[in-house]
Amino acid sequence: MEHKFFPLFVDLNDKRCLVIGAGNIAYRKIKTLLKYGAMVEVITRDVAEDRISELQGVKVSVKAFSEKDLENVFLVVAATNNSDFNKEIFEICNAKNILVNNMTSKFDMNARFSAVYEGESVQVAVSSMGYPKKSLEIRDNIKKMLEKNNCQ
């Protein structure tokens, strides 16, 4: 089944976002969520990255994920290194109409992060269908073009 993603900008202020996993990718996603005002909770079996615990406003729970953890959650980031577990998280969240981004699949998710450029009067988001390096490259090219034409 082909997945089509509708581009949408969403206000995350005071929205409860759950990140499952605590590695480098999770850390980057957490920082992005915090930048946009989300209330972030991290669930991990063991905190591999101490720097996550140091991020202001992040609640870290060292425990196994449970379906009960999804109560009142707006967005979930499945950021473990176990693709089968991340798919399971997606299936649970999708059935509950919870937005979920899966770090180990281009398909087992219903929400994607994008590469974002924010100028003074413009915000541009780029998705390259699950190829983040390509998204970053395109974003950087757009940024250069906007700055060159004084359109930021």
# chains A, B, ... in the order shown; residues from 1 in each chain; ligands from 1

$ select_by_dssp --residues "stretch 43-146 of chain A" --states "strand (DSSP E)" --output "NGL selection string"
:A and (43-44 or 58-62 or 75-78 or 99-102 or 115-118 or 123-126)

$ write_last_selection --atoms "N, CA and C atoms" --output "CSV table (one decimal), in the first residue's frame"
chain,number,residue,atom,x,y,z
A,43,ILE,N,10.9,7.4,27.2
A,43,ILE,CA,10.9,6.1,27.9
A,43,ILE,C,12.0,5.2,27.3
A,44,THR,N,12.8,4.7,28.1
A,44,THR,CA,14.0,3.9,27.7
A,44,THR,C,14.3,2.8,28.7
A,58,VAL,N,12.6,17.8,30.1
A,58,VAL,CA,12.4,16.4,29.6
A,58,VAL,C,12.2,15.5,30.8
A,59,LYS,N,11.2,14.7,30.8
A,59,LYS,CA,11.0,13.7,31.8
A,59,LYS,C,11.5,12.4,31.2
A,60,VAL,N,12.4,11.7,31.9
A,60,VAL,CA,13.0,10.5,31.5
A,60,VAL,C,12.5,9.4,32.4
A,61,SER,N,11.9,8.3,31.9
A,61,SER,CA,11.4,7.2,32.6
A,61,SER,C,12.2,6.0,32.2
A,62,VAL,N,13.0,5.4,33.1
A,62,VAL,CA,13.8,4.2,32.8
A,62,VAL,C,12.9,3.0,33.1
A,75,LEU,N,1.9,12.9,20.0
A,75,LEU,CA,2.8,12.4,19.0
A,75,LEU,C,3.8,11.4,19.7
A,76,VAL,N,4.2,10.3,19.0
A,76,VAL,CA,5.1,9.4,19.5
A,76,VAL,C,6.3,9.3,18.5
A,77,VAL,N,7.5,9.2,19.0
A,77,VAL,CA,8.7,9.0,18.2
A,77,VAL,C,9.2,7.6,18.6
A,78,ALA,N,9.1,6.6,17.7
A,78,ALA,CA,9.6,5.3,18.0
A,78,ALA,C,11.1,5.3,17.5
A,99,LEU,N,-0.4,10.3,16.3
A,99,LEU,CA,0.7,10.5,15.4
A,99,LEU,C,2.0,9.8,15.8
A,100,VAL,N,2.6,9.0,14.9
A,100,VAL,CA,3.8,8.3,15.2
A,100,VAL,C,4.8,8.4,14.1
A,101,ASN,N,6.1,8.7,14.5
A,101,ASN,CA,7.2,8.7,13.6
A,101,ASN,C,8.1,7.6,14.0
A,102,ASN,N,8.5,6.7,13.0
A,102,ASN,CA,9.3,5.5,13.3
A,102,ASN,C,10.6,5.7,12.6
A,115,ALA,N,13.0,18.5,7.1
A,115,ALA,CA,14.2,19.4,7.3
A,115,ALA,C,13.6,20.8,7.1
A,116,VAL,N,13.8,21.6,8.1
A,116,VAL,CA,13.2,22.9,8.2
A,116,VAL,C,14.2,24.1,8.1
A,117,TYR,N,13.8,25.1,7.3
A,117,TYR,CA,14.5,26.3,7.3
A,117,TYR,C,13.5,27.4,7.8
A,118,GLU,N,14.0,28.2,8.7
A,118,GLU,CA,13.2,29.3,9.2
A,118,GLU,C,14.0,30.6,9.0
A,123,GLN,N,8.9,30.1,6.5
A,123,GLN,CA,9.3,28.8,7.1
A,123,GLN,C,9.1,27.7,6.0
A,124,VAL,N,10.1,27.0,5.7
A,124,VAL,CA,10.1,26.0,4.6
A,124,VAL,C,10.4,24.6,5.2
A,125,ALA,N,9.6,23.6,4.9
A,125,ALA,CA,9.8,22.3,5.4
A,125,ALA,C,10.0,21.4,4.1
A,126,VAL,N,10.9,20.5,4.2
A,126,VAL,CA,11.2,19.6,3.1
A,126,VAL,C,11.2,18.2,3.5

$ residues_around --residues "A:Pro132" --least-positions-apart "5" --cutoff "12 Å" --atoms "only C-alpha atoms" --output "number ranges by chain"
A: 25, 103, 106, 112-116, 125-127, 137-139

$ residues_around --residues "A:Ile30" --least-positions-apart "6" --cutoff "10 Å" --atoms "only C-alpha atoms" --output "JSON, numbers by chain"
{"A": [17, 18, 19, 22, 24, 38, 39, 40, 41, 42, 52, 55, 58, 77]}

$ select_by_dssp --residues "chain A" --states "alpha helix (DSSP H)" --output "VMD selection string"
chain A and resid 24 to 35 50 to 54 83 to 95 132 to 148

$ residues_around --residues "A:Phe85" --least-positions-apart "4" --cutoff "12 Å" --atoms "only C-alpha atoms" --output "ChimeraX atom specification"
/A:20-21,64-66,78-81,89-92,102-105,108

$ closest_residue --among "A:Lys31, A:Lys4, A:Lys63, A:Lys144" --to "A:Asp46" --atoms "only C-alpha atoms"
A:Lys63

$ atom_distance --atom1 "atom CA of A:Lys134" --atom2 "atom CA of A:His3"
18.9 Å

$ residues_around --residues "A:Tyr36" --least-positions-apart "2" --cutoff "7 Å" --atoms "only C-alpha atoms" --output "ChimeraX atom specification"
/A:12-13,32-34,38

$ write_last_selection --atoms "C-alpha atoms" --output "short mmCIF file (atom, residue, chain, number, x, y, z; two decimals), in the first residue's frame"
data_model
loop_
_atom_site.label_atom_id
_atom_site.label_comp_id
_atom_site.auth_asym_id
_atom_site.auth_seq_id
_atom_site.Cartn_x
_atom_site.Cartn_y
_atom_site.Cartn_z
CA LEU A 12 3.27 21.55 19.40
CA ASN A 13 3.10 24.05 22.26
CA THR A 32 13.52 19.44 17.76
CA LEU A 33 10.35 18.78 19.76
CA LEU A 34 11.56 21.04 22.58
CA ALA A 38 6.40 20.23 23.15
#

$ atom_distance --atom1 "atom CA of A:Ser83" --atom2 "atom CA of A:Met109"
11.8 Å

$ closest_residue --among "A:Ala111, A:Met145, A:Ala26, A:Ala95" --to "A:Gly130" --atoms "only C-alpha atoms"
A:Ala111

$ decode --residues "stretch 20-40 of chain A" --atoms "N, CA and C atoms" --output "short mmCIF file (atom, residue, chain, number, x, y, z; two decimals), in the first residue's frame"
data_model
loop_
_atom_site.label_atom_id
_atom_site.label_comp_id
_atom_site.auth_asym_id
_atom_site.auth_seq_id
_atom_site.Cartn_x
_atom_site.Cartn_y
_atom_site.Cartn_z
N ILE A 20 10.34 7.05 22.49
CA ILE A 20 10.69 5.74 23.02
C ILE A 20 12.06 5.39 22.46
N GLY A 21 13.04 5.36 23.36
CA GLY A 21 14.44 5.18 22.97
C GLY A 21 15.25 6.37 23.42
N ALA A 22 16.56 6.19 23.53
CA ALA A 22 17.39 7.28 24.07
C ALA A 22 18.76 7.36 23.39
N GLY A 23 18.85 6.98 22.14
CA GLY A 23 20.11 7.06 21.43
C GLY A 23 20.31 8.41 20.75
N ASN A 24 21.24 8.48 19.82
CA ASN A 24 21.57 9.74 19.15
C ASN A 24 20.40 10.29 18.34
N ILE A 25 19.69 9.42 17.62
CA ILE A 25 18.55 9.90 16.83
C ILE A 25 17.46 10.42 17.75
N ALA A 26 17.19 9.71 18.82
CA ALA A 26 16.19 10.17 19.79
C ALA A 26 16.57 11.54 20.33
N TYR A 27 17.84 11.72 20.65
CA TYR A 27 18.32 13.00 21.18
C TYR A 27 18.02 14.14 20.20
N ARG A 28 18.31 13.93 18.92
CA ARG A 28 18.04 14.98 17.93
C ARG A 28 16.54 15.26 17.81
N LYS A 29 15.73 14.24 17.85
CA LYS A 29 14.28 14.43 17.76
C LYS A 29 13.75 15.16 18.99
N ILE A 30 14.28 14.82 20.15
CA ILE A 30 13.87 15.49 21.40
C ILE A 30 14.18 16.98 21.33
N LYS A 31 15.39 17.31 20.87
CA LYS A 31 15.76 18.72 20.76
C LYS A 31 14.83 19.46 19.80
N THR A 32 14.45 18.82 18.71
CA THR A 32 13.52 19.44 17.76
C THR A 32 12.16 19.66 18.42
N LEU A 33 11.65 18.66 19.10
CA LEU A 33 10.35 18.78 19.76
C LEU A 33 10.37 19.90 20.80
N LEU A 34 11.44 19.99 21.57
CA LEU A 34 11.56 21.04 22.58
C LEU A 34 11.60 22.43 21.95
N LYS A 35 12.28 22.54 20.83
CA LYS A 35 12.37 23.82 20.11
C LYS A 35 10.99 24.35 19.76
N TYR A 36 10.05 23.46 19.52
CA TYR A 36 8.71 23.86 19.13
C TYR A 36 7.70 23.78 20.28
N GLY A 37 8.20 23.74 21.51
CA GLY A 37 7.34 23.89 22.68
C GLY A 37 6.66 22.64 23.19
N ALA A 38 7.04 21.47 22.71
CA ALA A 38 6.40 20.23 23.15
C ALA A 38 6.80 19.88 24.59
N MET A 39 5.90 19.18 25.25
CA MET A 39 6.21 18.58 26.55
C MET A 39 6.70 17.17 26.25
N VAL A 40 7.97 16.91 26.51
CA VAL A 40 8.59 15.67 26.06
C VAL A 40 8.85 14.72 27.22
#
